[in-house]
Structures are given as structure tokens and as C-alpha cells.
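Q: So I've got this file, structure.cif, and it contains mmCIF, C-alpha atoms:
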data_my_file
#
loop_
_atom_site.label_atom_id
_atom_site.label_comp_id
_atom_site.auth_asym_id
_atom_site.auth_seq_id
_atom_site.Cartn_x
_atom_site.Cartn_y
_atom_site.Cartn_z
CA MET G 1 72.80 89.37 103.07
CA LYS G 2 70.73 88.40 106.11
CA PHE G 3 67.88 90.93 106.12
CA CYS G 4 65.56 92.41 103.50
CA SER G 5 66.69 95.90 102.51
CA ASN G 6 63.08 96.70 101.65
CA CYS G 7 61.29 95.74 104.90
CA GLY G 8 63.95 94.58 107.37
CA ALA G 9 62.65 91.01 107.77
CA PRO G 10 65.01 88.01 107.49
CA VAL G 11 65.79 86.70 104.00
CA MET G 12 66.28 83.10 102.90
CA LEU G 13 68.15 81.64 99.93
CA ARG G 14 65.79 79.99 97.46
CA VAL G 15 65.20 79.70 93.72
CA PRO G 16 62.34 82.05 92.79
CA GLU G 17 59.64 80.82 90.39
CA GLY G 18 60.84 81.15 86.80
CA ASP G 19 64.48 81.48 87.88
CA ASN G 20 67.18 78.83 88.01
CA LEU G 21 69.58 80.21 90.62
CA PRO G 22 69.14 80.69 94.37
CA ARG G 23 68.51 84.32 95.38
CA HIS G 24 68.00 86.06 98.67
CA VAL G 25 64.21 86.27 99.00
CA CYS G 26 62.43 88.09 101.83
CA THR G 27 60.43 85.85 104.16
CA ALA G 28 57.90 88.66 104.74
CA CYS G 29 57.48 90.89 101.65
CA GLU G 30 58.90 88.33 99.17
CA ALA G 31 61.21 90.92 97.55
CA ILE G 32 63.94 89.18 95.52
CA HIS G 33 67.44 90.58 96.02
CA TYR G 34 69.86 89.99 93.16
CA ASP G 35 73.63 90.20 93.48
CA ASN G 36 75.54 90.77 90.22
CA PRO G 37 79.10 91.45 89.06
CA LYS G 38 80.50 94.94 89.42
CA VAL G 39 82.21 96.93 86.68
CA VAL G 40 85.66 98.43 87.23
CA VAL G 41 86.55 101.22 84.80
CA GLY G 42 89.93 102.82 84.27
CA CYS G 43 92.42 104.01 81.71
CA VAL G 44 96.07 104.09 80.69
CA PRO G 45 96.81 107.84 80.68
CA GLU G 46 99.52 108.79 78.17
CA TRP G 47 101.48 112.02 77.85
CA GLN G 48 104.08 112.40 75.11
CA GLY G 49 104.60 108.66 74.95
CA ARG G 50 104.90 108.18 78.71
CA ILE G 51 102.38 106.27 80.85
CA LEU G 52 100.92 107.63 84.09
CA LEU G 53 100.85 105.18 86.98
CA CYS G 54 99.65 105.56 90.57
CA ARG G 55 101.28 104.06 93.65
CA ARG G 56 98.48 102.73 95.82
CA ALA G 57 98.03 104.50 99.18
CA ILE G 58 95.30 102.06 100.23
CA GLU G 59 94.83 98.32 100.55
CA PRO G 60 94.72 95.99 98.76
CA ARG G 61 98.25 96.04 97.31
CA LEU G 62 99.31 99.18 99.17
CA GLY G 63 102.62 100.48 97.75
CA PHE G 64 102.21 98.76 94.38
CA TRP G 65 101.61 100.56 91.08
CA THR G 66 98.40 100.62 89.06
CA MET G 67 96.69 102.61 86.40
CA PRO G 68 93.81 104.71 87.70
CA ALA G 69 90.65 102.58 87.95
CA GLY G 70 87.73 101.97 90.24
CA PHE G 71 84.11 100.93 90.52
CA MET G 72 81.76 102.41 87.93
CA GLU G 73 79.01 104.45 89.58
CA ASN G 74 75.30 104.57 88.83
CA GLY G 75 74.34 107.33 86.40
CA GLU G 76 77.60 107.47 84.46
CA THR G 77 78.88 105.94 81.24
CA ALA G 78 81.88 103.60 81.23
CA ARG G 79 84.09 106.26 79.63
CA ALA G 80 82.92 108.98 82.02
CA GLY G 81 83.69 106.63 84.91
CA ALA G 82 87.20 105.99 83.61
CA ALA G 83 87.84 109.75 83.35
CA ARG G 84 86.42 110.35 86.83
CA GLU G 85 88.56 107.66 88.42
CA THR G 86 91.63 109.05 86.65
CA LEU G 87 90.96 112.53 88.01
CA GLU G 88 90.22 111.23 91.52
CA GLU G 89 93.30 109.03 91.78
CA SER G 90 95.90 111.06 89.86
CA ARG G 91 94.52 114.61 89.38
CA SER G 92 95.07 114.03 85.67
CA GLN G 93 92.50 115.09 83.08
CA VAL G 94 92.15 112.68 80.20
CA GLU G 95 90.17 112.28 77.03
CA VAL G 96 89.18 108.62 77.17
CA GLY G 97 89.87 106.77 73.92
CA SER G 98 89.66 103.21 72.66
CA LEU G 99 88.91 100.14 74.74
CA ILE G 100 92.08 98.14 75.44
CA SER G 101 90.81 95.26 77.53
CA VAL G 102 87.65 93.61 78.84
CA ILE G 103 88.75 91.41 81.72
CA SER G 104 86.35 89.07 83.50
CA ILE G 105 87.36 87.88 86.98
CA PRO G 106 84.60 85.46 87.96
CA SER G 107 86.27 84.58 91.28
CA ILE G 108 85.57 88.10 92.58
CA ASN G 109 82.52 88.93 90.43
CA GLN G 110 84.11 91.77 88.47
CA VAL G 111 84.43 92.92 84.86
CA HIS G 112 87.18 95.45 84.13
CA LEU G 113 86.89 97.84 81.19
CA MET G 114 90.25 99.51 80.56
CA PHE G 115 90.54 102.33 78.02
CA SER G 116 93.36 104.33 76.52
CA GLY G 117 93.56 107.92 77.81
CA ARG G 118 95.06 111.02 76.23
CA MET G 119 96.20 113.40 78.98
CA LEU G 120 95.06 116.93 78.16
CA ASN G 121 98.14 118.38 79.89
CA ASP G 122 100.90 117.06 82.14
CA THR G 123 99.19 117.98 85.41
CA HIS G 124 99.17 115.09 87.89
CA SER G 125 99.75 114.73 91.61
CA PRO G 126 99.37 112.39 94.59
CA THR G 127 95.90 112.00 96.09
CA SER G 128 94.36 110.34 99.12
CA GLU G 129 94.32 107.10 97.11
CA SER G 130 97.78 107.43 95.50
CA SER G 131 100.96 108.08 97.47
CA ALA G 132 102.82 108.84 94.22
CA VAL G 133 101.69 109.57 90.67
CA GLN G 134 104.39 109.39 88.03
CA LEU G 135 104.95 109.31 84.26
CA PHE G 136 106.97 106.31 83.07
CA ALA G 137 108.69 105.73 79.76
CA GLU G 138 108.03 102.19 78.52
CA GLU G 139 111.44 100.94 79.68
CA GLU G 140 110.93 102.42 83.15
CA ILE G 141 107.65 100.63 83.97
CA PRO G 142 108.02 98.76 87.29
CA TRP G 143 106.70 95.42 86.02
CA ASP G 144 107.59 93.57 89.22
CA GLN G 145 105.76 96.12 91.35
CA LEU G 146 102.43 96.27 89.54
CA ALA G 147 99.42 95.85 91.80
CA PHE G 148 97.13 93.51 89.87
CA ARG G 149 97.15 91.05 86.97
CA THR G 150 94.62 93.30 85.24
CA VAL G 151 97.26 96.04 85.19
CA VAL G 152 99.95 93.71 83.83
CA HIS G 153 97.72 92.37 81.05
CA THR G 154 96.38 95.77 80.03
CA LEU G 155 99.77 97.52 79.98
CA HIS G 156 101.40 94.61 78.17
CA HIS G 157 98.80 94.60 75.39
CA TYR G 158 98.64 98.38 75.15
CA LEU G 159 102.40 98.75 74.72
CA GLU G 160 102.67 95.79 72.36
CA ASP G 161 99.87 97.20 70.17
CA ARG G 162 101.52 100.66 70.28
CA ARG G 163 104.77 99.17 69.01
CA GLN G 164 102.87 97.44 66.19
CA GLY G 165 100.89 100.60 65.45
CA SER G 166 97.60 98.68 65.69
CA PRO G 167 95.48 99.26 68.79
CA GLY G 168 93.29 96.24 69.47
CA LEU G 169 90.72 95.01 71.95
CA HIS G 170 91.74 92.17 74.25
CA ILE G 171 89.08 90.01 75.89
CA ILE G 172 90.63 88.23 78.83
CA ASP G 173 89.23 85.80 81.39
CA LEU G 174 91.26 85.51 84.58
CA GLY G 175 91.26 82.31 86.59
CA THR G 176 91.09 81.65 90.26
CA SER G 177 94.54 82.78 91.42
CA ALA G 178 94.82 86.29 92.91
CA ALA G 179 93.78 89.02 90.49
CA MET T 1 67.02 100.49 100.29
CA LYS T 2 65.49 101.20 103.70
CA PHE T 3 67.06 98.58 105.97
CA CYS T 4 70.56 97.19 106.48
CA SER T 5 70.93 93.80 104.76
CA ASN T 6 73.61 92.94 107.34
CA CYS T 7 71.75 93.64 110.63
CA GLY T 8 68.20 94.74 109.73
CA ALA T 9 68.44 98.23 111.29
CA PRO T 10 67.34 101.32 109.30
CA VAL T 11 69.85 102.87 106.88
CA MET T 12 70.41 106.54 106.10
CA LEU T 13 71.88 108.23 103.04
CA ARG T 14 75.17 109.94 103.84
CA VAL T 15 78.63 110.44 102.38
CA PRO T 16 81.02 108.05 104.17
CA GLU T 17 84.43 109.33 105.26
CA GLY T 18 86.86 109.24 102.33
CA ASP T 19 84.02 109.01 99.81
CA ASN T 20 82.37 111.73 97.74
CA LEU T 21 78.95 110.27 97.01
CA PRO T 22 76.03 109.55 99.33
CA ARG T 23 75.63 105.86 100.18
CA HIS T 24 73.17 103.89 102.24
CA VAL T 25 74.90 103.53 105.63
CA CYS T 26 73.50 101.49 108.50
CA THR T 27 72.52 103.53 111.56
CA ALA T 28 73.45 100.60 113.84
CA CYS T 29 76.36 98.55 112.44
CA GLU T 30 77.63 101.29 110.06
CA ALA T 31 77.88 98.91 107.10
CA ILE T 32 78.09 100.85 103.83
CA HIS T 33 75.86 99.53 101.04
CA TYR T 34 76.99 100.37 97.50
CA ASP T 35 74.73 100.27 94.49
CA ASN T 36 76.49 99.97 91.12
CA PRO T 37 75.61 99.49 87.45
CA LYS T 38 74.68 96.02 86.24
CA VAL T 39 76.15 94.26 83.23
CA VAL T 40 73.91 92.86 80.50
CA VAL T 41 75.59 90.26 78.28
CA GLY T 42 74.30 88.81 75.05
CA CYS T 43 75.18 87.85 71.52
CA VAL T 44 74.11 87.96 67.89
CA PRO T 45 73.84 84.25 67.02
CA GLU T 46 74.56 83.56 63.36
CA TRP T 47 73.90 80.41 61.32
CA GLN T 48 74.82 80.27 57.63
CA GLY T 49 74.57 84.04 57.36
CA ARG T 50 71.22 84.31 59.12
CA ILE T 51 70.68 85.99 62.50
CA LEU T 52 68.76 84.38 65.37
CA LEU T 53 66.27 86.67 67.11
CA CYS T 54 63.89 86.02 69.99
CA ARG T 55 60.36 87.37 70.33
CA ARG T 56 59.96 88.47 73.93
CA ALA T 57 57.43 86.49 75.97
CA ILE T 58 57.90 88.76 78.99
CA GLU T 59 57.78 92.45 79.79
CA PRO T 60 59.27 94.88 79.09
CA ARG T 61 58.60 95.04 75.34
CA LEU T 62 56.57 91.82 75.21
CA GLY T 63 56.06 90.73 71.59
CA PHE T 64 59.06 92.64 70.24
CA TRP T 65 62.24 91.05 68.90
CA THR T 66 65.65 90.99 70.55
CA MET T 67 68.88 89.11 70.46
CA PRO T 68 69.39 86.84 73.47
CA ALA T 69 70.78 88.85 76.40
CA GLY T 70 70.38 89.21 80.13
CA PHE T 71 72.04 90.10 83.39
CA MET T 72 75.53 88.71 83.91
CA GLU T 73 75.66 86.47 87.00
CA ASN T 74 78.26 86.27 89.73
CA GLY T 75 80.91 83.65 89.10
CA GLU T 76 80.84 83.73 85.32
CA THR T 77 82.82 85.51 82.61
CA ALA T 78 81.18 87.94 80.20
CA ARG T 79 81.44 85.47 77.32
CA ALA T 80 80.12 82.56 79.41
CA GLY T 81 77.19 84.75 80.45
CA ALA T 82 76.41 85.59 76.82
CA ALA T 83 76.43 81.89 75.90
CA ARG T 84 74.25 81.01 78.93
CA GLU T 85 71.66 83.68 78.11
CA THR T 86 71.57 82.50 74.50
CA LEU T 87 70.91 78.92 75.56
CA GLU T 88 68.28 79.98 78.13
CA GLU T 89 66.36 82.27 75.78
CA SER T 90 66.67 80.43 72.46
CA ARG T 91 67.93 76.88 73.17
CA SER T 92 70.75 77.70 70.76
CA GLN T 93 74.35 76.71 71.50
CA VAL T 94 76.89 79.30 70.40
CA GLU T 95 80.60 79.81 70.42
CA VAL T 96 80.89 83.43 71.57
CA GLY T 97 83.22 85.49 69.38
CA SER T 98 84.29 89.12 69.12
CA LEU T 99 82.80 92.03 71.04
CA ILE T 100 80.46 94.09 68.83
CA SER T 101 79.28 96.79 71.22
CA VAL T 102 79.79 98.25 74.67
CA ILE T 103 76.68 100.30 75.41
CA SER T 104 76.37 102.45 78.52
CA ILE T 105 72.86 103.46 79.57
CA PRO T 106 73.40 105.72 82.59
CA SER T 107 69.69 106.44 83.00
CA ILE T 108 69.07 102.84 84.04
CA ASN T 109 72.53 102.01 85.43
CA GLN T 110 73.45 99.37 82.87
CA VAL T 111 76.38 98.46 80.64
CA HIS T 112 75.63 96.07 77.77
CA LEU T 113 78.35 93.85 76.30
CA MET T 114 77.15 92.35 73.03
CA PHE T 115 79.24 89.71 71.26
CA SER T 116 79.08 87.89 67.96
CA GLY T 117 78.01 84.25 68.26
CA ARG T 118 78.64 81.30 65.97
CA MET T 119 75.81 78.80 66.30
CA LEU T 120 77.20 75.27 66.61
CA ASN T 121 74.15 73.82 64.84
CA ASP T 122 70.75 75.11 63.77
CA THR T 123 68.91 73.93 66.88
CA HIS T 124 66.73 76.65 68.39
CA SER T 125 63.26 76.81 69.89
CA PRO T 126 60.86 78.94 71.93
CA THR T 127 61.41 79.11 75.69
CA SER T 128 59.63 80.54 78.70
CA GLU T 129 61.23 83.89 77.85
CA SER T 130 60.76 83.78 74.06
CA SER T 131 57.42 83.12 72.37
CA ALA T 132 59.22 82.63 69.04
CA VAL T 133 62.86 82.08 68.07
CA GLN T 134 63.64 82.51 64.39
CA LEU T 135 66.53 82.85 61.95
CA PHE T 136 66.36 85.98 59.78
CA ALA T 137 68.23 86.82 56.60
CA GLU T 138 69.52 90.40 56.72
CA GLU T 139 66.69 91.70 54.53
CA GLU T 140 64.09 89.99 56.72
CA ILE T 141 65.06 91.61 60.03
CA PRO T 142 61.99 93.29 61.59
CA TRP T 143 63.66 96.66 62.25
CA ASP T 144 60.40 98.33 63.30
CA GLN T 145 59.65 95.59 65.81
CA LEU T 146 62.97 95.44 67.66
CA ALA T 147 62.63 95.61 71.43
CA PHE T 148 65.41 97.99 72.47
CA ARG T 149 67.77 100.61 71.08
CA THR T 150 70.67 98.40 72.18
CA VAL T 151 69.39 95.75 69.74
CA VAL T 152 69.03 98.25 66.89
CA HIS T 153 72.54 99.69 67.39
CA THR T 154 74.21 96.32 67.77
CA LEU T 155 72.51 94.68 64.78
CA HIS T 156 73.09 97.76 62.61
CA HIS T 157 76.82 97.86 63.36
CA TYR T 158 77.23 94.09 63.12
CA LEU T 159 75.61 93.88 59.70
CA GLU T 160 77.38 97.00 58.39
CA ASP T 161 80.75 95.61 59.52
CA ARG T 162 79.92 92.23 58.00
CA ARG T 163 79.21 93.88 54.64
CA GLN T 164 82.54 95.70 54.87
CA GLY T 165 84.33 92.54 55.96
CA SER T 166 85.81 94.33 59.00
CA PRO T 167 84.33 93.49 62.39
CA GLY T 168 84.81 96.39 64.78
CA LEU T 169 84.03 97.38 68.35
CA HIS T 170 81.45 100.11 68.86
CA ILE T 171 81.40 102.07 72.12
CA ILE T 172 78.01 103.71 72.48
CA ASP T 173 76.52 105.93 75.16
CA LEU T 174 72.73 106.10 75.16
CA GLY T 175 70.93 109.17 76.41
CA THR T 176 67.89 109.57 78.59
CA SER T 177 65.11 108.43 76.24
CA ALA T 178 63.86 104.86 76.57
CA ALA T 179 66.55 102.28 75.97
#
Translate the structure of the given file into C-alpha cells.
A:
Amino acid sequence: MKFCSNCGAPVMLRVPEGDNLPRHVCTACEAIHYDNPKVVVGCVPEWQGRILLCRRAIEPRLGFWTMPAGFMENGETARAGAARETLEESRSQVEVGSLISVISIPSINQVHLMFSGRMLNDTHSPTSESSAVQLFAEEEIPWDQLAFRTVVHTLHHYLEDRRQGSPGLHIIDLGTSAA
Amino acid sequence: MKFCSNCGAPVMLRVPEGDNLPRHVCTACEAIHYDNPKVVVGCVPEWQGRILLCRRAIEPRLGFWTMPAGFMENGETARAGAARETLEESRSQVEVGSLISVISIPSINQVHLMFSGRMLNDTHSPTSESSAVQLFAEEEIPWDQLAFRTVVHTLHHYLEDRRQGSPGLHIIDLGTSAA
């Protein structure tokens, strides 16, 4: 950030009164501009025991597999966002269920909220964001071609909990290596 | 947002190519500026069965009681943010525990992540944000003077689960009335 989004004047980094972190503050209108972590919402869509994954048609990690997920938008709930991303990336309609994982990635200022998803039918298809969309039995999951550590962690815990018959919430903090 | 934070030129609202929502796009450098929900992190600090609450010294809801919570900052995990806010608002040091509630408030573009918190000792005191900081037994909690619905929901579920001896996660979506 170099300019004030409110008045267009240059901003400077300084600690506002009553704060304890440097913020971008406008040199003219004194507006304070905060920058905060973003929320990524997604789900693990399931249909008759199989898991729906999307092959990424866009960078980063083009060609690798992920569950449907993306940035939560203003005006929606976390679960509505997870359902929307699933529809956008896989054309699959899901009823969003329990929360599987809350994953903080401080190195890139993100928090991921990954839910279970019950597919309402087996409709799914490629989209502009996914070059392939496919149902995988547990033993078919392409573990060495998953796009992100968030996907690996979430799928691992989800399948492990499914085997145990006890869905649980997993709070995970990822370190500085690539997410 | 009226001006581009990258180059200072005016922005306009339009749907960028490949997107499906209007964004602020710079009329000069074409930078796209996204606006997304913010994460509020906090905890329910507990010491020998009593709950630590803070009386708000600032608006909104000045004079009402809340658990310590605030906006998650870049570069921190959700749990670290909850511990930081607790220290800042109540001078209490906590070990952050399980997740009690995930509360979406689409009307104000927020997601609240509220954790349990084990106080490491009984140190606590007023701060610039809290005119009073006090431990309450369950029957002493000032239910009619709580600051926000997020506080009411989280405390209610936490105490109910504690009575049952089964801590659980509560996913809550709040509607359009004041949060």
C-alpha cells in the first residue's frame, strides 16, 4: 500500500495512538488502513464413500489436486462460502457439514476452514478453475499429487476419523515452508 | 475505497475477467482490490472454575462485559491471536485450548473463532481497553450486561458443555440484527 484508498494521498507506516503495531496511515486525511488475514473456506465433498477432488487449472500448483476451496467473500457465512466454492470449482452441490480443520498459515496471512460436504447427487464437472473433477475411493487418492499441505492434512484427518467412526476437529498451525 | 492504494488513481467497481463479483479496479494500473471478511479471535479464560470477563472501556458497547477478543493480525496463528488479545485486554496469560465456537456474521463481514483458555495464574487487571477485569462464578455472570451476541452464544455453549462434561464445537451463523 502506497496511497490512501480514501483520499489518494500518500500513506506512511506508523503506530497509531492507542495501537501497538505499525499501520498504513494517510499523510493527509489520517485514515488508518488495516491489513488482516484472509479466510479460505472449502469442503471435502463425499458421494457414496468417494471423495471429490479438483485438478487445478490455474496457478499456483497448476495440475495438482485439491478439494474445492477459496477466499470467503463479504456477506456470506463460512459454510455458505464453502458450498459456493464447491459449486464454482466442481459444479457439485453439497450440504456442508462438520468442521474438519482450522489451519492457520501465518507466513501467508491465511486461516483455512475446511468442512465435510455431503454431495446432494453425483453431478460434477470441470470448470474454468478445474481441468478435471473426479471422485476417488480412499485407496485411489493421489497423495503425491496433492496441491497444498492444507489438502494433505485435511484429507488425512478426515479419512482417519472416518475409519474410526469419530469425526473430530483438528486445529493445525503450519510453519514457514510452502503451504 | 475511492483511490488505488497501489498508484493513487481513482478506482471503479467492475467485475474483473474470470471473476463473478464486482471489485474495486484501478482505472490506471488495473490493480484489483479485494475486500474480504475479517477474523476475530478470542478466548474464555478460566481460573479454578471461574470465567474472566472484561468490561469494555471503548465503543462499541462501552460499559458492557465481554470475553477478551479482537481482530487477528497478519503473521500470527488463530490461537496465538487469541492469547495476544487476552493479554492485551485483561493482562491475563492463558494457554489457549479447544475451539468453542465459529460464528459467522455476514452483515458485518466477520468470522469469530472463540477458544477455551486456561489461565496460567490468577493475574489480571484493567487495561486501556477494559475498565474492569473480573473473575465470575457461573451464577455470577452478568447475562443482561454482555456486550455482544457472540459472547452470549459462546459463554452459553461453553458452560452447558462444561456441565455435561463434553466440550464441543458450535458453528453458528448470526442474522442481520445487531451482533
Q: Expanded to explicit residues, what is the PyMOL selection byres ((chain T) within 8 of (chain G)) for this file, as a ChimeraX atom specification?
A: /T:1-10,35-39,71-78,104-109,111,169,173
Q: Any chance you could export the current selection's C-alpha atoms as a tab-separated table (two decimals), keeping the file's coordinate frame?
A:
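The result, stored in result.tsv:
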chain	number	residue	atom	x	y	z
T	1	MET	CA	67.02	100.49	100.29
T	2	LYS	CA	65.49	101.20	103.70
T	3	PHE	CA	67.06	98.58	105.97
T	4	CYS	CA	70.56	97.19	106.48
T	5	SER	CA	70.93	93.80	104.76
T	6	ASN	CA	73.61	92.94	107.34
T	7	CYS	CA	71.75	93.64	110.63
T	8	GLY	CA	68.20	94.74	109.73
T	9	ALA	CA	68.44	98.23	111.29
T	10	PRO	CA	67.34	101.32	109.30
T	35	ASP	CA	74.73	100.27	94.49
T	36	ASN	CA	76.49	99.97	91.12
T	37	PRO	CA	75.61	99.49	87.45
T	38	LYS	CA	74.68	96.02	86.24
T	39	VAL	CA	76.15	94.26	83.23
T	71	PHE	CA	72.04	90.10	83.39
T	72	MET	CA	75.53	88.71	83.91
T	73	GLU	CA	75.66	86.47	87.00
T	74	ASN	CA	78.26	86.27	89.73
T	75	GLY	CA	80.91	83.65	89.10
T	76	GLU	CA	80.84	83.73	85.32
T	77	THR	CA	82.82	85.51	82.61
T	78	ALA	CA	81.18	87.94	80.20
T	104	SER	CA	76.37	102.45	78.52
T	105	ILE	CA	72.86	103.46	79.57
T	106	PRO	CA	73.40	105.72	82.59
T	107	SER	CA	69.69	106.44	83.00
T	108	ILE	CA	69.07	102.84	84.04
T	109	ASN	CA	72.53	102.01	85.43
T	111	VAL	CA	76.38	98.46	80.64
T	169	LEU	CA	84.03	97.38	68.35
T	173	ASP	CA	76.52	105.93	75.16
Q: For the PyMOL selection byres ((chain G and resi 40-53) around 8), applied here, can you spell out every residue it catches as number ranges by chain?
A: G: 38-39, 54-55, 65-72, 78-79, 81-83, 85-86, 94, 96, 110-119, 121-122, 133-138, 155
Q: Go through G:Ile100, G:Asp144, G:Pro22, G:Glu30 one by one, measure the shortest atom-to-atom distance of each to G:Tyr158 using only C-alpha atoms, and give the residue with the smallest value.
A: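 The answer is G:Ile100, which sits nearest to G:Tyr158.
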Q: When you draw a straight line from atom CA of G:Phe148 to atom CA of G:Leu62, how long is it in Å?
A: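 A separation of 11.1 Å between them.
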Q: Could you tell me how far atom CA of G:Met12 lies from atom CA of T:Ile32, in Å and to one decimal?
A: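 So the answer is 21.3 Å.
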Q: Quote the spacing between atom CA of G:His156 and atom CA of G:Ser101 in Å to one decimal place.
A: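 Here the two named atoms are 10.6 Å from each other.
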Q: May I ask you to restore all heavy atoms in stretch 31-41 of chain T and write the result as a short mmCIF file (atom, residue, chain, number, x, y, z; two decimals), in the frame of the given file?
A:
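The new file rebuild34.cif reads:
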data_model
loop_
_atom_site.label_atom_id
_atom_site.label_comp_id
_atom_site.auth_asym_id
_atom_site.auth_seq_id
_atom_site.Cartn_x
_atom_site.Cartn_y
_atom_site.Cartn_z
N ALA T 31 77.55 99.51 108.40
CA ALA T 31 77.88 98.91 107.10
C ALA T 31 77.49 99.88 105.99
O ALA T 31 76.46 100.55 106.07
CB ALA T 31 77.12 97.58 106.93
N ILE T 32 78.36 99.99 104.98
CA ILE T 32 78.09 100.85 103.83
C ILE T 32 77.59 99.96 102.69
O ILE T 32 78.22 98.96 102.36
CB ILE T 32 79.37 101.59 103.39
CG1 ILE T 32 79.94 102.39 104.55
CG2 ILE T 32 79.07 102.50 102.19
CD1 ILE T 32 81.34 102.95 104.29
N HIS T 33 76.45 100.33 102.11
CA HIS T 33 75.86 99.53 101.04
C HIS T 33 75.97 100.28 99.72
O HIS T 33 75.35 101.33 99.54
CB HIS T 33 74.41 99.20 101.36
CG HIS T 33 74.26 98.45 102.65
ND1 HIS T 33 74.51 97.10 102.75
CD2 HIS T 33 73.93 98.87 103.90
CE1 HIS T 33 74.32 96.71 104.00
NE2 HIS T 33 73.97 97.76 104.72
N TYR T 34 76.78 99.75 98.80
CA TYR T 34 76.99 100.37 97.50
C TYR T 34 75.99 99.83 96.50
O TYR T 34 75.61 98.66 96.54
CB TYR T 34 78.42 100.10 97.01
CG TYR T 34 79.48 100.66 97.91
CD1 TYR T 34 80.04 99.91 98.95
CD2 TYR T 34 79.92 101.96 97.75
CE1 TYR T 34 81.01 100.43 99.79
CE2 TYR T 34 80.90 102.50 98.58
CZ TYR T 34 81.44 101.72 99.60
OH TYR T 34 82.40 102.25 100.42
N ASP T 35 75.61 100.70 95.58
CA ASP T 35 74.73 100.27 94.49
C ASP T 35 75.44 100.68 93.20
O ASP T 35 75.81 101.84 93.02
CB ASP T 35 73.37 100.97 94.60
CG ASP T 35 72.34 100.40 93.66
OD1 ASP T 35 72.50 99.25 93.20
OD2 ASP T 35 71.36 101.11 93.36
N ASN T 36 75.68 99.72 92.31
CA ASN T 36 76.49 99.97 91.12
C ASN T 36 75.78 99.47 89.88
O ASN T 36 74.85 98.67 89.96
CB ASN T 36 77.86 99.27 91.27
CG ASN T 36 78.67 99.80 92.43
OD1 ASN T 36 78.58 99.30 93.54
ND2 ASN T 36 79.45 100.84 92.16
N PRO T 37 76.25 99.92 88.70
CA PRO T 37 75.61 99.49 87.45
C PRO T 37 75.68 97.97 87.28
O PRO T 37 76.61 97.31 87.74
CB PRO T 37 76.45 100.18 86.37
CG PRO T 37 77.05 101.37 87.04
CD PRO T 37 77.31 100.92 88.45
N LYS T 38 74.70 97.45 86.56
CA LYS T 38 74.68 96.02 86.24
C LYS T 38 75.12 95.81 84.80
O LYS T 38 74.97 96.68 83.95
CB LYS T 38 73.27 95.45 86.44
CG LYS T 38 72.86 95.40 87.92
CD LYS T 38 71.60 94.59 88.10
CE LYS T 38 70.99 94.79 89.48
NZ LYS T 38 71.88 94.37 90.57
N VAL T 39 75.67 94.62 84.55
CA VAL T 39 76.15 94.26 83.23
C VAL T 39 75.13 93.36 82.55
O VAL T 39 74.69 92.36 83.14
CB VAL T 39 77.51 93.53 83.31
CG1 VAL T 39 78.03 93.21 81.90
CG2 VAL T 39 78.53 94.34 84.09
N VAL T 40 74.76 93.71 81.33
CA VAL T 40 73.91 92.86 80.50
C VAL T 40 74.80 92.26 79.41
O VAL T 40 75.53 92.99 78.74
CB VAL T 40 72.75 93.65 79.89
CG1 VAL T 40 71.98 92.81 78.87
CG2 VAL T 40 71.81 94.14 80.99
N VAL T 41 74.76 90.94 79.28
CA VAL T 41 75.59 90.26 78.28
C VAL T 41 74.69 89.50 77.31
O VAL T 41 73.66 88.95 77.68
CB VAL T 41 76.59 89.27 78.93
CG1 VAL T 41 77.72 90.03 79.61
CG2 VAL T 41 75.90 88.36 79.94
#
